[in-house]
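What follows is a single structure, written as structure tokens, with notes after it.
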Amino acid sequence: MMKKRVAVLGATGSIGSSTLDIIRHAPEQFEVVLLTAYRNSAALQELAAEFPRARCVRAGIAAALKESGADLAVNGIAGAGGLDPSFAAVEAGMDLALANKETMVMAGSLIQEAAARTGSRIIPVDSEHSALFHLLLAQNRRTVAELLLTASGGPFLDYTHEQLAKVSVQDALVHPTWKMGPVITVNAATLANKGLEVIEAARFFRLPVEKIKALIHRQSTVHSLIRWTDGSLCAQLSVPSMRLPLQKALYYPDSAPDSLIPPLNFDNLTLSFEKPDHERFPLLPLAYQAERAGPLYPVAYNAANETAVEAFLQGRLPFPALAGVVAHVLAQDWQAGAAVTREAVWETDAKARSCAAQRLFTLG
Ligand SMILES: NC(=O)c1ccc[n+]([C@@H]2O[C@H](COP(=O)([O-])OP(=O)(O)OC[C@H]3O[C@@H](n4cnc5c(N)ncnc54)[C@H](OP(=O)(O)O)[C@@H]3O)[C@@H](O)[C@H]2O)c1
């Protein structure tokens, strides 16, 4: 049997580590041909010693991908820096297991057009989108009434405005369920992560954003649901683990012969669902607003949010002020009618970062 050749982008991060765990578990199925990192050269050196046949790079990812001969690229890069590597993978005709949600948020239609041209398949890795993708394979997608994205809600779900005002960086970096990189962990606490995922789902599944709902589900056991036109619902459940969507993406279109996660125990299982509070967590409704406003507004939303999160992590911005920076940037004109090109995406990204930085400056 031919091994699947895998490029792991962002190999030193949380998604990268989980990907490598799955590969370590099935060395007869997969061969690592490329590993990438950004700043963490020590961790990359350790991986280079473990996977001596893989090329290891911290720059020139797009070129390395094209030369790698990979069948599948797993994109676990955090932030807008993942966009160009996603295009490089798709343009080289390899399949793309996409954890980097920013790719879909910034350039969803462009990357899907590129994939259609080269025959590359894009397989979502965000647990919600992975669940929906695999549920949709089983039934006619024309009968989808709405997609229900579940959200754990992060650590501050029950906090009052007064408590939110006192949140520290350390508080925000502890997620009740998931161990993830710092940016997505803060985004989970503000619900910006759910906002990005709503946009990602609208673009990935080509549905109007009105058909995508977010539901607070504290247990993270139901990964997402589909309500069909006949009123029935389908959901995917498992113990919370990113290994499930990664395993599904790595083996796609086949299924893994065994699982790295324990079976769900029904002996004492409670599942609860609640409506998210848009007033205390305004970054969620702002994402809907951005998606409705025009194709470049989500680029501005993401860029403004990344800039604000960086300031929060550096102790320069209080937690409740994050949403205000994004709202200020979204209130500018991001050319609702403009044609979406890669150049327009990067130009909007740069302008929105600069607009957010100016706002941070005036806030002192
Ligand atoms: N973690 C999860 O459970 C999870 C779940 C669903 C979706 N996601 C998505 O997956 C992506 C990665 O999240 P994560 O939690 O794994 O992040 P992370 O732990 O912070 O890891 C990020 C990885 O990307 C690399 N990187 C950062 N900036 C880069 C740049 N500009 N160019 C190239 N490489 C860069 C980092 O390299 P260095 O280590 O060398 O800095 C690291 O390997 C995000 O888009 C996130 O939203 C994550």
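How things are named: the first chain in the structure tokens is A, the next is B, and so on; residues count from 1 in each chain; ligands count from 1 in the order shown.
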For this session: Name the residues in contact with Met2 in chain A at a cut-off of 9 Å, using only C-alpha atoms, excluding same-chain residues fewer than 6 positions from it; report them as a PyMOL selection string.
Result: chain A and resi 28-30
Could you save the residues just selected, with N, CA, C and O atoms, as a short mmCIF file (atom, residue, chain, number, x, y, z; two decimals), in the first residue's frame?
data_model
loop_
_atom_site.label_atom_id
_atom_site.label_comp_id
_atom_site.auth_asym_id
_atom_site.auth_seq_id
_atom_site.Cartn_x
_atom_site.Cartn_y
_atom_site.Cartn_z
N GLU A 28 2.47 3.17 9.04
CA GLU A 28 2.33 2.41 7.80
C GLU A 28 1.39 3.12 6.81
O GLU A 28 1.36 2.78 5.63
N GLN A 29 0.64 4.12 7.28
CA GLN A 29 -0.32 4.82 6.42
C GLN A 29 0.23 6.14 5.87
O GLN A 29 -0.16 6.57 4.80
N PHE A 30 1.10 6.80 6.67
CA PHE A 30 1.48 8.17 6.33
C PHE A 30 3.00 8.35 6.35
O PHE A 30 3.69 7.75 7.16
#
Against range 255-278 of chain A, which residues of range 282-343 of chain A fall within 12 Å? For each one I want the closest pair of atoms and the distance in Å (one decimal), counting only C-alpha atoms, rows by chain and increasing residue number, as JSON lines.
{"residue": "A:Pro282", "atom": "CA", "partner": "A:His278", "partner_atom": "CA", "distance": 5.1}
{"residue": "A:Leu283", "atom": "CA", "partner": "A:His278", "partner_atom": "CA", "distance": 7.9}
{"residue": "A:Leu284", "atom": "CA", "partner": "A:His278", "partner_atom": "CA", "distance": 6.5}
{"residue": "A:Pro285", "atom": "CA", "partner": "A:His278", "partner_atom": "CA", "distance": 6.2}
{"residue": "A:Leu286", "atom": "CA", "partner": "A:His278", "partner_atom": "CA", "distance": 9.1}
{"residue": "A:Ala287", "atom": "CA", "partner": "A:His278", "partner_atom": "CA", "distance": 11.0}
{"residue": "A:Tyr288", "atom": "CA", "partner": "A:His278", "partner_atom": "CA", "distance": 11.1}
{"residue": "A:Ala323", "atom": "CA", "partner": "A:His278", "partner_atom": "CA", "distance": 11.3}
Problem set entry | Environment of ligand 1 within 9 Å, counting only C-alpha atoms and all ligand atoms, reported as a ChimeraX atom specification | /A:9-18,36-44,58-59,61,75-82,85,98-103,125-128,178-185,187,193,196-197,241-243
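Distance annotation: of A:Ala235, A:Val209, A:Ala202, A:Leu250, the residue with the minimal separation from Ile23 in chain A is A:Leu250; atom set is only C-alpha atoms.
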Exercise. For Ala114 in chain A, which residue among A:Asn140, A:Thr341, A:Arg280, A:Leu147 is the nearest when counting only C-alpha atoms?
Worked result: A:Thr341
Exercise. Using only C-alpha atoms, which of the listed residues (A:Ala62, A:Asp71, A:Ala165, A:Ala344) sits closest to Leu83 in chain A?
Worked result: A:Ala62
